[in-house]
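Pasted below: structure_27.cif, mmCIF, N, CA and C atoms.
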```cif
data_my_file
loop_
_atom_site.label_atom_id
_atom_site.label_comp_id
_atom_site.auth_asym_id
_atom_site.auth_seq_id
_atom_site.Cartn_x
_atom_site.Cartn_y
_atom_site.Cartn_z
N MET A 1 69.30 66.33 -236.25
CA MET A 1 68.72 67.08 -237.35
C MET A 1 69.41 68.44 -237.41
N PRO A 2 69.96 68.80 -238.57
CA PRO A 2 70.65 70.08 -238.67
C PRO A 2 69.68 71.26 -238.56
N VAL A 3 70.17 72.31 -237.92
CA VAL A 3 69.38 73.53 -237.76
C VAL A 3 69.52 74.37 -239.03
N PRO A 4 68.40 74.81 -239.62
CA PRO A 4 68.50 75.65 -240.82
C PRO A 4 69.37 76.88 -240.55
N SER A 5 70.04 77.32 -241.57
CA SER A 5 70.99 78.42 -241.44
C SER A 5 70.37 79.68 -240.83
N ALA A 6 69.18 80.07 -241.28
CA ALA A 6 68.54 81.28 -240.76
C ALA A 6 68.22 81.12 -239.28
N ALA A 7 67.71 79.96 -238.88
CA ALA A 7 67.40 79.71 -237.47
C ALA A 7 68.67 79.70 -236.63
N ARG A 8 69.75 79.13 -237.17
CA ARG A 8 71.03 79.10 -236.45
C ARG A 8 71.57 80.51 -236.28
N ASP A 9 71.50 81.30 -237.33
CA ASP A 9 71.96 82.70 -237.25
C ASP A 9 71.13 83.48 -236.25
N PHE A 10 69.81 83.26 -236.26
CA PHE A 10 68.91 83.92 -235.31
C PHE A 10 69.30 83.53 -233.89
N ARG A 11 69.47 82.23 -233.66
CA ARG A 11 69.87 81.74 -232.33
C ARG A 11 71.17 82.40 -231.89
N ASP A 12 72.14 82.43 -232.76
CA ASP A 12 73.44 83.00 -232.42
C ASP A 12 73.33 84.49 -232.08
N LEU A 13 72.52 85.22 -232.85
CA LEU A 13 72.32 86.64 -232.57
C LEU A 13 71.64 86.87 -231.22
N VAL A 14 70.61 86.07 -230.92
CA VAL A 14 69.91 86.21 -229.64
C VAL A 14 70.85 85.88 -228.48
N ILE A 15 71.66 84.85 -228.62
CA ILE A 15 72.62 84.50 -227.57
C ILE A 15 73.64 85.62 -227.38
N ARG A 16 74.14 86.16 -228.48
CA ARG A 16 75.09 87.28 -228.37
C ARG A 16 74.44 88.47 -227.69
N LEU A 17 73.19 88.78 -228.06
CA LEU A 17 72.47 89.88 -227.43
C LEU A 17 72.32 89.64 -225.93
N GLN A 18 71.94 88.43 -225.57
CA GLN A 18 71.77 88.10 -224.16
C GLN A 18 73.07 88.32 -223.40
N ARG A 19 74.16 87.87 -223.96
CA ARG A 19 75.46 88.03 -223.28
C ARG A 19 75.86 89.50 -223.16
N LYS A 20 75.61 90.26 -224.20
CA LYS A 20 75.93 91.69 -224.16
C LYS A 20 75.06 92.42 -223.15
N MET A 21 73.81 91.99 -222.99
CA MET A 21 72.90 92.63 -222.05
C MET A 21 73.27 92.34 -220.59
N GLU A 22 74.11 91.36 -220.37
CA GLU A 22 74.50 91.02 -219.01
C GLU A 22 75.21 92.17 -218.31
N PHE A 23 75.77 93.10 -219.09
CA PHE A 23 76.43 94.23 -218.44
C PHE A 23 75.41 95.09 -217.71
N PHE A 24 74.14 95.09 -218.14
CA PHE A 24 73.11 95.82 -217.40
C PHE A 24 72.82 95.12 -216.07
N ASP A 25 72.89 93.78 -216.07
CA ASP A 25 72.75 93.04 -214.82
C ASP A 25 73.86 93.45 -213.86
N ASP A 26 75.08 93.57 -214.39
CA ASP A 26 76.21 93.97 -213.56
C ASP A 26 76.01 95.37 -213.00
N LEU A 27 75.47 96.27 -213.83
CA LEU A 27 75.20 97.63 -213.37
C LEU A 27 74.21 97.60 -212.21
N GLN A 28 73.14 96.82 -212.37
CA GLN A 28 72.13 96.74 -211.31
C GLN A 28 72.73 96.15 -210.05
N SER A 29 73.52 95.10 -210.18
CA SER A 29 74.10 94.45 -209.02
C SER A 29 75.10 95.35 -208.31
N SER A 30 75.82 96.14 -209.07
CA SER A 30 76.84 96.98 -208.45
C SER A 30 76.23 98.18 -207.75
N CYS A 31 75.02 98.55 -208.14
CA CYS A 31 74.36 99.70 -207.53
C CYS A 31 73.61 99.25 -206.29
N CYS A 32 73.93 99.83 -205.18
CA CYS A 32 73.21 99.57 -203.93
C CYS A 32 73.39 98.16 -203.42
N GLY A 33 74.30 97.37 -203.98
CA GLY A 33 74.58 96.04 -203.48
C GLY A 33 73.43 95.06 -203.56
N VAL A 34 72.58 95.18 -204.56
CA VAL A 34 71.46 94.25 -204.69
C VAL A 34 71.62 93.40 -205.94
N SER A 35 71.02 92.21 -205.91
CA SER A 35 71.10 91.29 -207.04
C SER A 35 70.09 91.68 -208.12
N PHE A 36 70.21 91.03 -209.25
CA PHE A 36 69.28 91.23 -210.35
C PHE A 36 67.85 90.91 -209.91
N ALA A 37 67.66 89.79 -209.21
CA ALA A 37 66.33 89.40 -208.72
C ALA A 37 65.80 90.44 -207.74
N GLN A 38 66.67 90.94 -206.88
CA GLN A 38 66.25 91.95 -205.91
C GLN A 38 65.85 93.24 -206.61
N CYS A 39 66.54 93.60 -207.67
CA CYS A 39 66.17 94.79 -208.46
C CYS A 39 64.76 94.64 -209.01
N HIS A 40 64.48 93.47 -209.58
CA HIS A 40 63.15 93.23 -210.14
C HIS A 40 62.09 93.26 -209.04
N ALA A 41 62.40 92.67 -207.89
CA ALA A 41 61.44 92.68 -206.79
C ALA A 41 61.21 94.10 -206.29
N LEU A 42 62.28 94.86 -206.13
CA LEU A 42 62.13 96.26 -205.69
C LEU A 42 61.23 97.04 -206.64
N ALA A 43 61.46 96.86 -207.93
CA ALA A 43 60.65 97.59 -208.93
C ALA A 43 59.19 97.16 -208.87
N ALA A 44 58.94 95.86 -208.74
CA ALA A 44 57.56 95.37 -208.69
C ALA A 44 56.84 95.84 -207.42
N ILE A 45 57.54 95.82 -206.30
CA ILE A 45 56.94 96.28 -205.05
C ILE A 45 56.66 97.77 -205.13
N ARG A 46 57.60 98.52 -205.70
CA ARG A 46 57.40 99.97 -205.83
C ARG A 46 56.17 100.28 -206.68
N ARG A 47 56.03 99.56 -207.81
CA ARG A 47 54.88 99.79 -208.68
C ARG A 47 53.56 99.50 -207.95
N ALA A 48 53.56 98.45 -207.15
CA ALA A 48 52.33 98.04 -206.46
C ALA A 48 52.04 98.87 -205.22
N GLY A 49 53.07 99.42 -204.61
CA GLY A 49 52.90 100.12 -203.33
C GLY A 49 53.02 99.14 -202.19
N LYS A 50 52.15 98.15 -202.18
CA LYS A 50 52.28 96.99 -201.30
C LYS A 50 51.69 95.81 -202.05
N ILE A 51 52.23 94.62 -201.79
CA ILE A 51 51.86 93.45 -202.60
C ILE A 51 52.05 92.19 -201.77
N SER A 52 51.21 91.19 -202.02
CA SER A 52 51.37 89.91 -201.35
C SER A 52 52.53 89.14 -201.99
N LEU A 53 53.07 88.19 -201.25
CA LEU A 53 54.15 87.37 -201.77
C LEU A 53 53.67 86.58 -202.99
N ASN A 54 52.45 86.05 -202.93
CA ASN A 54 51.91 85.29 -204.07
C ASN A 54 51.80 86.16 -205.32
N ASP A 55 51.29 87.37 -205.16
CA ASP A 55 51.16 88.27 -206.31
C ASP A 55 52.52 88.70 -206.84
N LEU A 56 53.46 88.92 -205.93
CA LEU A 56 54.81 89.29 -206.35
C LEU A 56 55.45 88.16 -207.15
N ALA A 57 55.33 86.93 -206.65
CA ALA A 57 55.88 85.77 -207.35
C ALA A 57 55.25 85.61 -208.73
N ALA A 58 53.92 85.75 -208.79
CA ALA A 58 53.23 85.63 -210.08
C ALA A 58 53.68 86.72 -211.04
N GLY A 59 53.81 87.94 -210.54
CA GLY A 59 54.23 89.05 -211.39
C GLY A 59 55.66 88.92 -211.90
N MET A 60 56.50 88.26 -211.10
CA MET A 60 57.89 88.08 -211.51
C MET A 60 58.08 86.79 -212.32
N GLY A 61 57.03 85.97 -212.37
CA GLY A 61 57.14 84.70 -213.10
C GLY A 61 58.04 83.70 -212.42
N LEU A 62 58.11 83.77 -211.08
CA LEU A 62 58.97 82.87 -210.31
C LEU A 62 58.15 82.15 -209.26
N ASP A 63 58.72 81.06 -208.72
CA ASP A 63 57.98 80.35 -207.68
C ASP A 63 58.07 81.11 -206.36
N LYS A 64 57.09 80.83 -205.51
CA LYS A 64 56.94 81.56 -204.25
C LYS A 64 58.18 81.43 -203.36
N SER A 65 58.79 80.26 -203.31
CA SER A 65 59.95 80.06 -202.43
C SER A 65 61.15 80.90 -202.88
N THR A 66 61.34 81.01 -204.18
CA THR A 66 62.44 81.83 -204.70
C THR A 66 62.22 83.30 -204.35
N VAL A 67 60.99 83.78 -204.56
CA VAL A 67 60.68 85.17 -204.27
C VAL A 67 60.74 85.42 -202.76
N SER A 68 60.33 84.44 -201.97
CA SER A 68 60.40 84.58 -200.52
C SER A 68 61.84 84.80 -200.05
N ARG A 69 62.77 84.06 -200.63
CA ARG A 69 64.20 84.24 -200.28
C ARG A 69 64.69 85.62 -200.71
N THR A 70 64.25 86.06 -201.88
CA THR A 70 64.63 87.39 -202.35
C THR A 70 64.10 88.45 -201.40
N VAL A 71 62.84 88.33 -201.01
CA VAL A 71 62.25 89.29 -200.07
C VAL A 71 62.95 89.21 -198.71
N ASP A 72 63.28 88.01 -198.25
CA ASP A 72 64.03 87.87 -196.99
C ASP A 72 65.29 88.72 -197.02
N ASN A 73 66.00 88.66 -198.13
CA ASN A 73 67.25 89.44 -198.26
C ASN A 73 66.97 90.93 -198.28
N LEU A 74 65.89 91.34 -198.92
CA LEU A 74 65.53 92.76 -198.93
C LEU A 74 65.13 93.23 -197.53
N VAL A 75 64.44 92.38 -196.78
CA VAL A 75 64.07 92.73 -195.40
C VAL A 75 65.33 92.84 -194.54
N LYS A 76 66.25 91.88 -194.69
CA LYS A 76 67.51 91.92 -193.92
C LYS A 76 68.32 93.18 -194.25
N ALA A 77 68.24 93.62 -195.51
CA ALA A 77 68.96 94.82 -195.93
C ALA A 77 68.18 96.10 -195.60
N GLU A 78 67.06 95.94 -194.91
CA GLU A 78 66.21 97.06 -194.50
C GLU A 78 65.67 97.86 -195.69
N MET A 79 65.44 97.16 -196.82
CA MET A 79 64.86 97.79 -198.00
C MET A 79 63.38 97.49 -198.15
N ALA A 80 62.89 96.49 -197.43
CA ALA A 80 61.48 96.11 -197.50
C ALA A 80 61.00 95.67 -196.13
N LEU A 81 59.68 95.74 -195.96
CA LEU A 81 59.04 95.30 -194.73
C LEU A 81 57.93 94.32 -195.08
N ARG A 82 57.73 93.37 -194.19
CA ARG A 82 56.59 92.46 -194.29
C ARG A 82 55.56 92.92 -193.27
N ASP A 83 54.36 93.20 -193.73
CA ASP A 83 53.28 93.61 -192.83
C ASP A 83 52.25 92.50 -192.76
N PRO A 84 51.90 92.05 -191.54
CA PRO A 84 50.87 91.02 -191.43
C PRO A 84 49.51 91.54 -191.90
N VAL A 85 48.73 90.65 -192.47
CA VAL A 85 47.36 90.98 -192.89
C VAL A 85 46.45 90.55 -191.73
N PRO A 86 45.80 91.51 -191.06
CA PRO A 86 44.99 91.18 -189.88
C PRO A 86 43.94 90.10 -190.12
N ALA A 87 43.33 90.09 -191.29
CA ALA A 87 42.26 89.13 -191.58
C ALA A 87 42.77 87.71 -191.80
N ASP A 88 44.07 87.56 -192.12
CA ASP A 88 44.64 86.24 -192.39
C ASP A 88 46.09 86.24 -191.92
N ARG A 89 46.33 85.63 -190.79
CA ARG A 89 47.67 85.65 -190.19
C ARG A 89 48.72 84.94 -191.04
N ARG A 90 48.28 84.11 -191.97
CA ARG A 90 49.24 83.42 -192.84
C ARG A 90 49.75 84.33 -193.94
N CYS A 91 49.05 85.42 -194.19
CA CYS A 91 49.39 86.33 -195.29
C CYS A 91 50.14 87.55 -194.78
N VAL A 92 51.02 88.04 -195.62
CA VAL A 92 51.71 89.30 -195.36
C VAL A 92 51.71 90.11 -196.65
N THR A 93 51.78 91.41 -196.49
CA THR A 93 52.02 92.26 -197.66
C THR A 93 53.43 92.80 -197.52
N ILE A 94 54.02 93.09 -198.64
CA ILE A 94 55.40 93.56 -198.68
C ILE A 94 55.37 94.98 -199.21
N ARG A 95 56.13 95.85 -198.57
CA ARG A 95 56.26 97.23 -199.02
C ARG A 95 57.71 97.66 -198.84
N LEU A 96 58.06 98.72 -199.55
CA LEU A 96 59.44 99.22 -199.48
C LEU A 96 59.60 100.19 -198.31
N THR A 97 60.80 100.20 -197.79
CA THR A 97 61.19 101.21 -196.81
C THR A 97 61.75 102.40 -197.59
N ALA A 98 62.07 103.45 -196.88
CA ALA A 98 62.70 104.61 -197.52
C ALA A 98 64.02 104.19 -198.18
N LYS A 99 64.75 103.30 -197.53
CA LYS A 99 66.02 102.81 -198.10
C LYS A 99 65.76 102.04 -199.40
N GLY A 100 64.71 101.24 -199.43
CA GLY A 100 64.36 100.48 -200.64
C GLY A 100 63.93 101.39 -201.77
N ILE A 101 63.15 102.41 -201.43
CA ILE A 101 62.71 103.37 -202.44
C ILE A 101 63.92 104.11 -203.01
N GLY A 102 64.84 104.51 -202.16
CA GLY A 102 66.05 105.18 -202.62
C GLY A 102 66.90 104.28 -203.51
N ALA A 103 66.98 103.01 -203.14
CA ALA A 103 67.78 102.06 -203.92
C ALA A 103 67.19 101.89 -205.32
N ILE A 104 65.88 101.68 -205.41
CA ILE A 104 65.29 101.45 -206.74
C ILE A 104 65.33 102.73 -207.57
N ARG A 105 65.19 103.87 -206.95
CA ARG A 105 65.30 105.12 -207.71
C ARG A 105 66.71 105.27 -208.29
N GLY A 106 67.72 104.96 -207.50
CA GLY A 106 69.10 105.03 -207.99
C GLY A 106 69.37 104.06 -209.12
N ILE A 107 68.87 102.84 -208.96
CA ILE A 107 69.05 101.82 -209.99
C ILE A 107 68.35 102.24 -211.28
N GLU A 108 67.11 102.68 -211.16
CA GLU A 108 66.35 103.08 -212.35
C GLU A 108 66.98 104.29 -213.04
N ALA A 109 67.51 105.21 -212.28
CA ALA A 109 68.17 106.38 -212.89
C ALA A 109 69.40 105.94 -213.68
N GLY A 110 70.19 105.04 -213.10
CA GLY A 110 71.37 104.54 -213.79
C GLY A 110 71.02 103.78 -215.06
N LEU A 111 70.00 102.94 -214.96
CA LEU A 111 69.57 102.18 -216.14
C LEU A 111 69.01 103.10 -217.21
N SER A 112 68.25 104.10 -216.80
CA SER A 112 67.69 105.04 -217.77
C SER A 112 68.79 105.75 -218.55
N GLN A 113 69.84 106.16 -217.86
CA GLN A 113 70.96 106.82 -218.53
C GLN A 113 71.63 105.87 -219.51
N CYS A 114 71.85 104.62 -219.09
CA CYS A 114 72.50 103.65 -219.98
C CYS A 114 71.66 103.38 -221.22
N PHE A 115 70.36 103.14 -221.01
CA PHE A 115 69.51 102.83 -222.15
C PHE A 115 69.30 104.04 -223.05
N GLU A 116 69.26 105.23 -222.49
CA GLU A 116 69.14 106.43 -223.32
C GLU A 116 70.37 106.58 -224.20
N SER A 117 71.53 106.35 -223.61
CA SER A 117 72.77 106.44 -224.37
C SER A 117 72.82 105.37 -225.47
N LEU A 118 72.40 104.17 -225.13
CA LEU A 118 72.37 103.08 -226.10
C LEU A 118 71.40 103.40 -227.24
N TYR A 119 70.22 103.86 -226.89
CA TYR A 119 69.20 104.21 -227.89
C TYR A 119 69.71 105.31 -228.82
N LYS A 120 70.33 106.32 -228.25
CA LYS A 120 70.84 107.43 -229.06
C LYS A 120 71.98 107.00 -229.96
N SER A 121 72.65 105.90 -229.63
CA SER A 121 73.76 105.44 -230.46
C SER A 121 73.27 104.72 -231.72
N ILE A 122 71.97 104.43 -231.78
CA ILE A 122 71.37 103.77 -232.95
C ILE A 122 70.92 104.84 -233.94
N ASP A 123 71.27 104.66 -235.19
CA ASP A 123 70.88 105.60 -236.25
C ASP A 123 69.37 105.85 -236.17
N THR A 124 68.99 107.12 -236.26
CA THR A 124 67.57 107.48 -236.09
C THR A 124 66.66 106.75 -237.08
N SER A 125 67.13 106.47 -238.27
CA SER A 125 66.30 105.79 -239.27
C SER A 125 66.09 104.32 -238.93
N LYS A 126 66.90 103.78 -238.02
CA LYS A 126 66.81 102.36 -237.66
C LYS A 126 66.10 102.13 -236.33
N ARG A 127 65.77 103.20 -235.62
CA ARG A 127 65.17 103.04 -234.29
C ARG A 127 63.77 102.42 -234.35
N ALA A 128 62.90 102.93 -235.19
CA ALA A 128 61.52 102.40 -235.26
C ALA A 128 61.52 100.93 -235.70
N PRO A 129 62.26 100.56 -236.77
CA PRO A 129 62.29 99.14 -237.14
C PRO A 129 62.87 98.25 -236.03
N MET A 130 63.86 98.77 -235.29
CA MET A 130 64.44 98.00 -234.19
C MET A 130 63.39 97.77 -233.11
N MET A 131 62.62 98.81 -232.77
CA MET A 131 61.58 98.69 -231.75
C MET A 131 60.51 97.69 -232.21
N ASP A 132 60.13 97.75 -233.48
CA ASP A 132 59.17 96.78 -234.01
C ASP A 132 59.71 95.36 -233.90
N SER A 133 60.96 95.17 -234.25
CA SER A 133 61.58 93.84 -234.18
C SER A 133 61.62 93.32 -232.74
N LEU A 134 61.94 94.18 -231.80
CA LEU A 134 61.96 93.76 -230.40
C LEU A 134 60.56 93.35 -229.92
N ARG A 135 59.54 94.10 -230.34
CA ARG A 135 58.16 93.75 -229.97
C ARG A 135 57.77 92.40 -230.56
N ILE A 136 58.13 92.17 -231.81
CA ILE A 136 57.82 90.91 -232.48
C ILE A 136 58.51 89.75 -231.75
N LEU A 137 59.77 89.93 -231.41
CA LEU A 137 60.53 88.90 -230.70
C LEU A 137 59.91 88.62 -229.34
N LEU A 138 59.58 89.66 -228.61
CA LEU A 138 58.97 89.50 -227.28
C LEU A 138 57.63 88.77 -227.39
N GLU A 139 56.80 89.14 -228.35
CA GLU A 139 55.51 88.48 -228.54
C GLU A 139 55.70 86.99 -228.84
N ALA A 140 56.67 86.67 -229.69
CA ALA A 140 56.92 85.27 -230.04
C ALA A 140 57.38 84.48 -228.82
N ILE A 141 58.25 85.08 -228.02
CA ILE A 141 58.72 84.40 -226.80
C ILE A 141 57.57 84.20 -225.83
N GLU A 142 56.73 85.22 -225.67
CA GLU A 142 55.59 85.10 -224.76
C GLU A 142 54.61 84.03 -225.23
N GLN A 143 54.40 83.93 -226.53
CA GLN A 143 53.49 82.91 -227.06
C GLN A 143 54.04 81.51 -226.83
N MET A 144 55.34 81.34 -227.01
CA MET A 144 55.96 80.03 -226.77
C MET A 144 55.92 79.68 -225.29
N ALA A 145 56.15 80.68 -224.42
CA ALA A 145 56.19 80.44 -222.98
C ALA A 145 54.82 80.20 -222.40
N CYS A 146 53.78 80.65 -223.09
CA CYS A 146 52.41 80.56 -222.58
C CYS A 146 52.04 79.12 -222.23
N GLY A 147 52.40 78.19 -223.05
CA GLY A 147 52.07 76.79 -222.80
C GLY A 147 52.87 76.18 -221.66
N ARG A 148 53.93 76.85 -221.23
CA ARG A 148 54.77 76.31 -220.17
C ARG A 148 54.49 76.91 -218.82
N GLN A 149 53.68 77.94 -218.73
CA GLN A 149 53.40 78.57 -217.44
C GLN A 149 52.73 77.58 -216.53
N GLY A 150 53.17 77.58 -215.28
CA GLY A 150 52.59 76.71 -214.27
C GLY A 150 53.14 75.29 -214.33
N SER A 151 54.06 75.02 -215.26
CA SER A 151 54.63 73.66 -215.34
C SER A 151 55.71 73.47 -214.33
#
```
Do you think you could lay out the structure here as structure tokens?
Amino acid sequence: MPVPSAARDFRDLVIRLQRKMEFFDDLQSSCCGVSFAQCHALAAIRRAGKISLNDLAAGMGLDKSTVSRTVDNLVKAEMALRDPVPADRRCVTIRLTAKGIGAIRGIEAGLSQCFESLYKSIDTSKRAPMMDSLRILLEAIEQMACGRQGS
């Protein structure tokens, strides 16, 4: 079945945007030697202060085994610590070390500069409509993904 022209153009634009955004992934990976997944984990742990592996996985929208491997790498890099929960020996909470806090601060500073520069490069009259369009797109993606969570 042929894809309608507007839907095909939309698809092509989203794919182009995704590919262009990959340079931000490269920026994150090149800073502090951490992967894209590790950047997201560092940010989530920092926001929480300390967090269980289950909550971290749920917050990142990934399965527990994937997040566990990511955390393992952060622990090996001395950016995070696993603390046992005295009431339940099977559970641990994860928190950042000083090195992890420094890494995420550096990453976030670099990303903030890049996004500020990108935002300022957009004509001021087009910024609000662009932000509205991004919100609409995100809401549509979240609504479509809602039925697939936990599958």
Exercise. State, in Å with one decimal place, the distance from atom C of Gly33 (chain A) to atom N of Leu111 (chain A).
Key: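 These atoms are spaced 14.3 Å apart.
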Around (56.4, 89.9, -194.2), as given in the file, which residues come within 7 Å? Count all atoms listed in the file and list them as a PDB file with N, CA and C atoms, keeping the file's coordinate frame.
```pdb
ATOM      1  N   LEU A  81      59.680  95.740-195.960  1.00  0.00           N
ATOM      2  CA  LEU A  81      59.040  95.300-194.730  1.00  0.00           C
ATOM      3  C   LEU A  81      57.930  94.320-195.080  1.00  0.00           C
ATOM      4  N   ARG A  82      57.730  93.370-194.190  1.00  0.00           N
ATOM      5  CA  ARG A  82      56.590  92.460-194.290  1.00  0.00           C
ATOM      6  C   ARG A  82      55.560  92.920-193.270  1.00  0.00           C
ATOM      7  N   ASP A  83      54.360  93.200-193.730  1.00  0.00           N
ATOM      8  CA  ASP A  83      53.280  93.610-192.830  1.00  0.00           C
ATOM      9  C   ASP A  83      52.250  92.500-192.760  1.00  0.00           C
ATOM     10  N   PRO A  84      51.900  92.050-191.540  1.00  0.00           N
ATOM     11  CA  PRO A  84      50.870  91.020-191.430  1.00  0.00           C
ATOM     12  C   PRO A  84      49.510  91.540-191.900  1.00  0.00           C
ATOM     13  N   CYS A  91      49.050  85.420-194.190  1.00  0.00           N
ATOM     14  CA  CYS A  91      49.390  86.330-195.290  1.00  0.00           C
ATOM     15  C   CYS A  91      50.140  87.550-194.780  1.00  0.00           C
ATOM     16  N   VAL A  92      51.020  88.040-195.620  1.00  0.00           N
ATOM     17  CA  VAL A  92      51.710  89.300-195.360  1.00  0.00           C
ATOM     18  C   VAL A  92      51.710  90.110-196.650  1.00  0.00           C
ATOM     19  N   THR A  93      51.780  91.410-196.490  1.00  0.00           N
ATOM     20  CA  THR A  93      52.020  92.260-197.660  1.00  0.00           C
ATOM     21  C   THR A  93      53.430  92.800-197.520  1.00  0.00           C
ATOM     22  N   ILE A  94      54.020  93.090-198.640  1.00  0.00           N
ATOM     23  CA  ILE A  94      55.400  93.560-198.680  1.00  0.00           C
ATOM     24  C   ILE A  94      55.370  94.980-199.210  1.00  0.00           C
TER      25      ILE A  94
END
```
Checklist entry - Residues at most 6.5 Å from region 100-102 of chain A, counting only N, CA and C atoms, excluding those fewer than 4 positions away in the same chain, as a PyMOL selection string? => result chain A and resi 78-80+96+106-107
With the cut-off set at 8 Å and counting all atoms listed in the file, tabulate each residue of region 53-92 of chain A with an atom at most that distance from an atom of region 41-45 of chain A, showing the nearest atom pair and its distance in Å to one decimal, ordered by chain and increasing number, as CSV.
```
residue,atom,partner,partner_atom,distance
A:Leu56,CA,A:Ala44,C,6.9
A:Gly59,C,A:Ala44,CA,7.5
A:Met60,CA,A:Ala41,N,7.4
A:Val67,CA,A:Ala41,CA,8.0
A:Thr70,C,A:Ala41,CA,7.3
A:Val71,N,A:Ala41,CA,7.4
A:Met79,C,A:Leu42,CA,7.7
```
Nearest residue to Ala48 (chain A) from the set A:Arg95, A:Thr124, A:Ser112, A:Pro4 (distances using only C-alpha atoms) =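 Looking only at the distances to Ala48 (chain A), the closest residue turns out to be A:Arg95.
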Write down as a compact mmCIF listing (two decimals) with N, CA and C atoms, in the coordinates of the input the residues of region 24-125 of chain A whose backbone DSSP state falls under strand (DSSP E).
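This is the output file states-v9.txt:
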```txt
# COMPACT_ATOMS: atom_id res chain seq x y z
N LYS A 50 52.15 98.15 -202.18
CA LYS A 50 52.28 96.99 -201.30
C LYS A 50 51.69 95.81 -202.05
N ILE A 51 52.23 94.62 -201.79
CA ILE A 51 51.86 93.45 -202.60
C ILE A 51 52.05 92.19 -201.77
N SER A 52 51.21 91.19 -202.02
CA SER A 52 51.37 89.91 -201.35
C SER A 52 52.53 89.14 -201.99
N ALA A 80 62.89 96.49 -197.43
CA ALA A 80 61.48 96.11 -197.50
C ALA A 80 61.00 95.67 -196.13
N LEU A 81 59.68 95.74 -195.96
CA LEU A 81 59.04 95.30 -194.73
C LEU A 81 57.93 94.32 -195.08
N ARG A 82 57.73 93.37 -194.19
CA ARG A 82 56.59 92.46 -194.29
C ARG A 82 55.56 92.92 -193.27
N ASP A 83 54.36 93.20 -193.73
CA ASP A 83 53.28 93.61 -192.83
C ASP A 83 52.25 92.50 -192.76
N PRO A 84 51.90 92.05 -191.54
CA PRO A 84 50.87 91.02 -191.43
C PRO A 84 49.51 91.54 -191.90
N VAL A 85 48.73 90.65 -192.47
CA VAL A 85 47.36 90.98 -192.89
C VAL A 85 46.45 90.55 -191.73
N ASP A 88 44.07 87.56 -192.12
CA ASP A 88 44.64 86.24 -192.39
C ASP A 88 46.09 86.24 -191.92
N ARG A 89 46.33 85.63 -190.79
CA ARG A 89 47.67 85.65 -190.19
C ARG A 89 48.72 84.94 -191.04
N ARG A 90 48.28 84.11 -191.97
CA ARG A 90 49.24 83.42 -192.84
C ARG A 90 49.75 84.33 -193.94
N CYS A 91 49.05 85.42 -194.19
CA CYS A 91 49.39 86.33 -195.29
C CYS A 91 50.14 87.55 -194.78
N VAL A 92 51.02 88.04 -195.62
CA VAL A 92 51.71 89.30 -195.36
C VAL A 92 51.71 90.11 -196.65
N THR A 93 51.78 91.41 -196.49
CA THR A 93 52.02 92.26 -197.66
C THR A 93 53.43 92.80 -197.52
N ILE A 94 54.02 93.09 -198.64
CA ILE A 94 55.40 93.56 -198.68
C ILE A 94 55.37 94.98 -199.21
N ARG A 95 56.13 95.85 -198.57
CA ARG A 95 56.26 97.23 -199.02
C ARG A 95 57.71 97.66 -198.84
N LEU A 96 58.06 98.72 -199.55
CA LEU A 96 59.44 99.22 -199.48
C LEU A 96 59.60 100.19 -198.31
```
Residue nearest Arg47 (chain A) - candidates A:Leu137, A:Ile104, A:Met130, A:Ile122, atoms counted: only C-alpha atoms: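 Among the listed residues, the smallest separation from Arg47 (chain A) belongs to A:Ile104.
Atom to atom, CA of Arg8 (chain A) and atom N of Met144 (chain A) stand 18.4 Å apart.
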Calculate, to one decimal in Å, the centre and edge lengths of the box along x, y and z of the file that holds all listed atoms of region 87-99 of chain A with 6 Å of margin on each side, and present them as lines of an AutoDock Vina configuration file.
```
center_x = 54.1
center_y = 94.0
center_z = -194.9
size_x = 35.8
size_y = 33.2
size_z = 21.4
```
